[in-house]
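File shown: upload09.pdb (PDB, C-alpha atoms).
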```
ATOM      1  CA  MET A 243     -16.830  42.250 -14.515
ATOM      2  CA  GLY A 244     -19.568  42.188 -11.929
ATOM      3  CA  VAL A 245     -23.243  42.681 -11.388
ATOM      4  CA  TYR A 246     -24.483  46.272 -11.127
ATOM      5  CA  SER A 247     -25.723  46.960  -7.634
ATOM      6  CA  GLY A 248     -26.827  50.559  -7.765
ATOM      7  CA  GLY A 249     -23.387  52.044  -7.217
ATOM      8  CA  LYS A 250     -22.630  49.950  -4.112
ATOM      9  CA  ASP A 251     -20.090  47.201  -3.947
ATOM     10  CA  SER A 252     -21.137  43.708  -2.965
ATOM     11  CA  ASN A 253     -19.366  43.883   0.422
ATOM     12  CA  SER A 254     -21.444  46.855   1.563
ATOM     13  CA  ILE A 255     -24.629  45.115   0.412
ATOM     14  CA  SER A 256     -23.878  41.992   2.436
ATOM     15  CA  SER A 257     -22.989  44.057   5.514
ATOM     16  CA  GLU A 258     -26.237  46.029   5.117
ATOM     17  CA  GLU A 259     -28.172  42.766   4.839
ATOM     18  CA  GLY A 260     -26.411  41.459   7.931
ATOM     19  CA  LEU A 261     -27.263  44.613   9.837
ATOM     20  CA  GLU A 262     -30.865  44.417   8.673
ATOM     21  CA  ALA A 263     -31.073  40.760   9.726
ATOM     22  CA  SER A 264     -29.554  41.603  13.112
ATOM     23  CA  ASN A 265     -32.061  44.427  13.621
ATOM     24  CA  HIS A 266     -34.909  42.097  12.615
ATOM     25  CA  ILE A 267     -33.774  39.459  15.122
ATOM     26  CA  LYS A 268     -33.561  42.075  17.897
ATOM     27  CA  TYR A 269     -37.039  43.352  16.980
ATOM     28  CA  LEU A 270     -38.495  39.826  17.156
ATOM     29  CA  SER A 271     -36.744  39.162  20.454
ATOM     30  CA  ASP A 272     -38.144  42.365  21.945
ATOM     31  CA  ALA A 273     -41.618  41.513  20.634
ATOM     32  CA  LYS A 274     -41.401  38.032  22.164
ATOM     33  CA  TYR A 275     -40.406  39.569  25.505
ATOM     34  CA  LYS A 276     -43.387  41.948  25.386
ATOM     35  CA  ILE A 277     -45.773  39.098  24.579
ATOM     36  CA  ARG A 278     -44.417  37.115  27.523
ATOM     37  CA  GLU A 279     -44.929  40.109  29.798
ATOM     38  CA  VAL A 280     -48.569  40.389  28.700
ATOM     39  CA  LEU A 281     -49.105  36.653  29.229
ATOM     40  CA  PHE A 282     -47.501  36.882  32.671
ATOM     41  CA  TYR A 283     -49.767  39.819  33.532
ATOM     42  CA  CYS A 284     -52.843  37.844  32.477
ATOM     43  CA  SER A 285     -51.850  34.615  34.219
ATOM     44  CA  THR A 286     -50.623  35.853  37.596
ATOM     45  CA  VAL A 287     -52.869  35.051  40.504
ATOM     46  CA  TYR A 288     -51.396  36.965  43.426
ATOM     47  CA  GLN A 289     -49.197  39.737  41.983
ATOM     48  CA  CYS A 290     -50.719  43.196  42.340
ATOM     49  CA  ARG A 291     -51.869  44.500  38.952
ATOM     50  CA  LYS A 292     -50.760  48.032  39.816
ATOM     51  CA  GLN A 293     -47.281  46.789  40.711
ATOM     52  CA  ALA A 294     -47.064  44.768  37.499
ATOM     53  CA  ILE A 295     -47.980  47.760  35.343
ATOM     54  CA  SER A 296     -45.671  50.099  37.281
ATOM     55  CA  ASN A 297     -42.778  47.653  36.988
ATOM     56  CA  TYR A 298     -43.370  47.270  33.246
ATOM     57  CA  PHE A 299     -43.007  51.011  32.648
ATOM     58  CA  ALA A 300     -40.430  51.704  35.378
ATOM     59  CA  TRP A 301     -36.868  52.793  34.758
ATOM     60  CA  PRO A 302     -34.025  50.912  36.431
ATOM     61  CA  GLY A 303     -33.636  52.222  39.956
ATOM     62  CA  ASP A 304     -37.227  53.421  40.305
ATOM     63  CA  PRO A 305     -38.831  52.486  43.639
ATOM     64  CA  VAL A 306     -41.216  49.542  43.649
ATOM     65  CA  PRO A 307     -44.754  50.675  44.483
ATOM     66  CA  GLN A 308     -46.662  49.066  47.325
ATOM     67  CA  GLU A 309     -49.512  46.669  46.657
ATOM     68  CA  CYS A 310     -52.767  48.516  46.031
ATOM     69  CA  THR A 311     -55.025  46.075  47.979
ATOM     70  CA  LEU A 312     -57.821  47.020  45.544
ATOM     71  CA  CYS A 313     -57.224  44.974  42.406
ATOM     72  CA  ASP A 314     -58.577  41.465  41.865
ATOM     73  CA  ASN A 315     -55.218  39.829  42.619
ATOM     74  CA  CYS A 316     -54.730  41.732  45.885
ATOM     75  CA  ILE A 317     -58.249  40.786  47.001
ATOM     76  CA  ARG A 318     -57.660  37.148  46.003
ATOM     77  CA  HIS A 319     -54.354  37.154  47.909
ATOM     78  CA  ALA A 320     -56.053  38.485  51.042
ATOM     79  CA  THR A 321     -58.933  36.012  50.710
ATOM     80  CA  ASP A 322     -56.878  32.883  49.950
ATOM     81  CA  ASN A 323     -54.021  33.679  52.343
ATOM     82  CA  PRO A 324     -51.578  31.418  50.451
ATOM     83  CA  VAL A 325     -48.714  29.638  52.160
ATOM     84  CA  TYR A 326     -45.383  29.985  50.398
ATOM     85  CA  ILE A 327     -42.878  27.160  50.578
ATOM     86  CA  ASP A 328     -39.262  27.041  49.486
ATOM     87  CA  VAL A 329     -38.922  24.752  46.467
ATOM     88  CA  ARG A 330     -35.309  25.543  45.632
ATOM     89  CA  SER A 331     -34.107  22.096  46.674
ATOM     90  CA  ASP A 332     -36.707  20.456  44.409
ATOM     91  CA  VAL A 333     -35.670  22.658  41.502
ATOM     92  CA  LEU A 334     -32.024  21.777  42.080
ATOM     93  CA  LYS A 335     -32.942  18.077  42.035
ATOM     94  CA  MET A 336     -34.839  18.537  38.773
ATOM     95  CA  LEU A 337     -31.849  20.315  37.247
ATOM     96  CA  GLU A 338     -29.639  17.454  38.408
ATOM     97  CA  ILE A 339     -32.006  15.002  36.701
ATOM     98  CA  ILE A 340     -31.763  16.971  33.488
ATOM     99  CA  ASN A 341     -27.985  17.042  33.766
ATOM    100  CA  VAL A 342     -27.705  13.294  34.432
ATOM    101  CA  THR A 343     -30.187  12.296  31.742
ATOM    102  CA  THR A 344     -28.474  14.383  29.084
ATOM    103  CA  LYS A 345     -25.113  12.766  29.889
ATOM    104  CA  MET A 346     -26.415   9.178  29.803
ATOM    105  CA  GLN A 347     -25.786   7.235  26.620
ATOM    106  CA  GLN A 348     -28.592   4.762  27.261
ATOM    107  CA  GLN A 349     -32.351   5.048  27.245
ATOM    108  CA  ILE A 350     -33.745   6.872  30.274
ATOM    109  CA  THR A 351     -36.364   5.050  32.321
ATOM    110  CA  ARG A 352     -38.647   6.115  35.123
ATOM    111  CA  ASN A 353     -36.450   4.193  37.552
ATOM    112  CA  ASN A 354     -33.408   6.258  36.486
ATOM    113  CA  ILE A 355     -35.211   9.430  37.437
ATOM    114  CA  VAL A 356     -36.364   7.966  40.762
ATOM    115  CA  ASP A 357     -32.754   6.983  41.490
ATOM    116  CA  VAL A 358     -31.611  10.571  40.958
ATOM    117  CA  PHE A 359     -34.296  11.832  43.356
ATOM    118  CA  ARG A 360     -33.175   9.274  45.927
ATOM    119  CA  GLN A 361     -29.588  10.390  45.337
ATOM    120  CA  SER A 362     -28.486   6.840  44.640
TER     121      SER A 362
END
```
Taking this structure as input, can you express it in the form of structure tokens?
Amino acid sequence: MGVYSGGKDSNSISSEEGLEASNHIKYLSDAKYKIREVLFYCSTVYQCRKQAISNYFAWPGDPVPQECTLCDNCIRHATDNPVYIDVRSDVLKMLEIINVTTKMQQQITRNNIVDVFRQS
């Protein structure tokens, strides 16, 4: 004897709920991605606005448009003439610090982090 579930067995109800939950999670993930894209668009300083909008709506394989040189970011880029430096080695060191500190069983101090940067 079971509970009446509108002509559906309990297994199909739980699988429908699982599918609904999975769809809800995907929807929230997509929404979070879109919010991040909007925040990135608002916070960029040197990326061409036209390129950002074109890339947002582009299909995979579409050509990347050239910078417009008319938007506020293109003008700022031309005015500031920024110097780009390669920070990959610094990022790798920071990742190494994270790796070492997560493996340590003792309390992490400032000196521990300095030691990792010094590679000692």
Find the nearest atom pair between each residue of segment 299-362 of chain A and segment 283-294 of chain A for residues within 6 Å, count all atoms listed in the file, give distances in Å to one decimal, sort rows by chain and ascending number, and present the table as CSV.
```
residue,atom,partner,partner_atom,distance
A:Pro307,CA,A:Gln293,CA,6.0
A:Glu309,CA,A:Cys290,CA,5.7
A:Asn315,CA,A:Tyr288,CA,4.8
A:Cys316,CA,A:Cys290,CA,5.5
A:His319,CA,A:Tyr288,CA,5.4
```
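Once the PyMOL selection byres ((chain A and resi 358) around 10) is applied to the depicted file, the selected set reads A:Lys335, A:Met336, A:Glu338, A:Ile339, A:Ile340, A:Val342, A:Thr343, A:Asn353, A:Asn354, A:Ile355, A:Val356, A:Asp357, A:Phe359, A:Arg360, A:Gln361, A:Ser362.
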Handout entry: Nearest-residue call for Ser296 of chain A, choices A:Gln349, A:Ile317, A:Cys310, A:Asp272, using only C-alpha atoms
Key =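 Checking each candidate against Ser296 of chain A, we get A:Cys310 as the closest.
Atom CA of Tyr298 of chain A is found 18.8 Å from atom CA of Thr311 of chain A.
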Problem - For atom CA of Glu258 of chain A and atom CA of Lys274 of chain A, the interatomic separation in Å (one decimal) - result: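 Atom CA of Lys274 of chain A lies at a distance of 24.2 Å from atom CA of Glu258 of chain A.
Atom CA of Ile295 of chain A is positioned 13.7 Å from atom CA of Arg278 of chain A.
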Taking all atoms of segment 323-329 of chain A that the file lists and extending 6 Å past them on each side, where is the centre of the axis-aligned box and how long are its edges? Answer in Å to one decimal, as JSON.
```
{"center_x": -46.5, "center_y": 29.2, "center_z": 49.4, "size_x": 27.1, "size_y": 20.9, "size_z": 17.9}
```
Could I get segment 329-341 of chain A rebuilt with N, CA, C and O atoms, written as a compact mmCIF listing (two decimals), keeping the file's coordinate frame?
```
# COMPACT_ATOMS: atom_id res chain seq x y z
N VAL A 329 -39.05 25.91 47.36
CA VAL A 329 -38.92 24.75 46.47
C VAL A 329 -37.57 24.72 45.77
O VAL A 329 -37.38 23.99 44.80
N ARG A 330 -36.62 25.50 46.28
CA ARG A 330 -35.31 25.54 45.63
C ARG A 330 -34.63 24.19 45.59
O ARG A 330 -34.02 23.83 44.59
N SER A 331 -34.76 23.41 46.66
CA SER A 331 -34.11 22.10 46.67
C SER A 331 -34.73 21.17 45.63
O SER A 331 -34.02 20.41 44.97
N ASP A 332 -36.04 21.26 45.44
CA ASP A 332 -36.71 20.46 44.41
C ASP A 332 -36.26 20.88 43.01
O ASP A 332 -36.05 20.04 42.14
N VAL A 333 -36.12 22.17 42.81
CA VAL A 333 -35.67 22.66 41.50
C VAL A 333 -34.25 22.19 41.24
O VAL A 333 -33.91 21.77 40.12
N LEU A 334 -33.40 22.25 42.25
CA LEU A 334 -32.02 21.78 42.08
C LEU A 334 -31.99 20.29 41.74
O LEU A 334 -31.19 19.85 40.91
N LYS A 335 -32.87 19.50 42.36
CA LYS A 335 -32.94 18.08 42.04
C LYS A 335 -33.40 17.87 40.60
O LYS A 335 -32.88 17.01 39.88
N MET A 336 -34.37 18.66 40.16
CA MET A 336 -34.84 18.54 38.77
C MET A 336 -33.73 18.91 37.80
O MET A 336 -33.56 18.26 36.76
N LEU A 337 -32.97 19.94 38.11
CA LEU A 337 -31.85 20.32 37.25
C LEU A 337 -30.79 19.22 37.22
O LEU A 337 -30.17 18.97 36.19
N GLU A 338 -30.59 18.57 38.36
CA GLU A 338 -29.64 17.45 38.41
C GLU A 338 -30.13 16.30 37.53
O GLU A 338 -29.34 15.67 36.82
N ILE A 339 -31.43 16.05 37.56
CA ILE A 339 -32.01 15.00 36.70
C ILE A 339 -31.76 15.33 35.24
O ILE A 339 -31.35 14.48 34.45
N ILE A 340 -31.99 16.57 34.87
CA ILE A 340 -31.76 16.97 33.49
C ILE A 340 -30.30 16.79 33.12
O ILE A 340 -29.97 16.29 32.04
N ASN A 341 -29.42 17.17 34.02
CA ASN A 341 -27.98 17.04 33.77
C ASN A 341 -27.58 15.58 33.60
O ASN A 341 -26.86 15.22 32.67
```
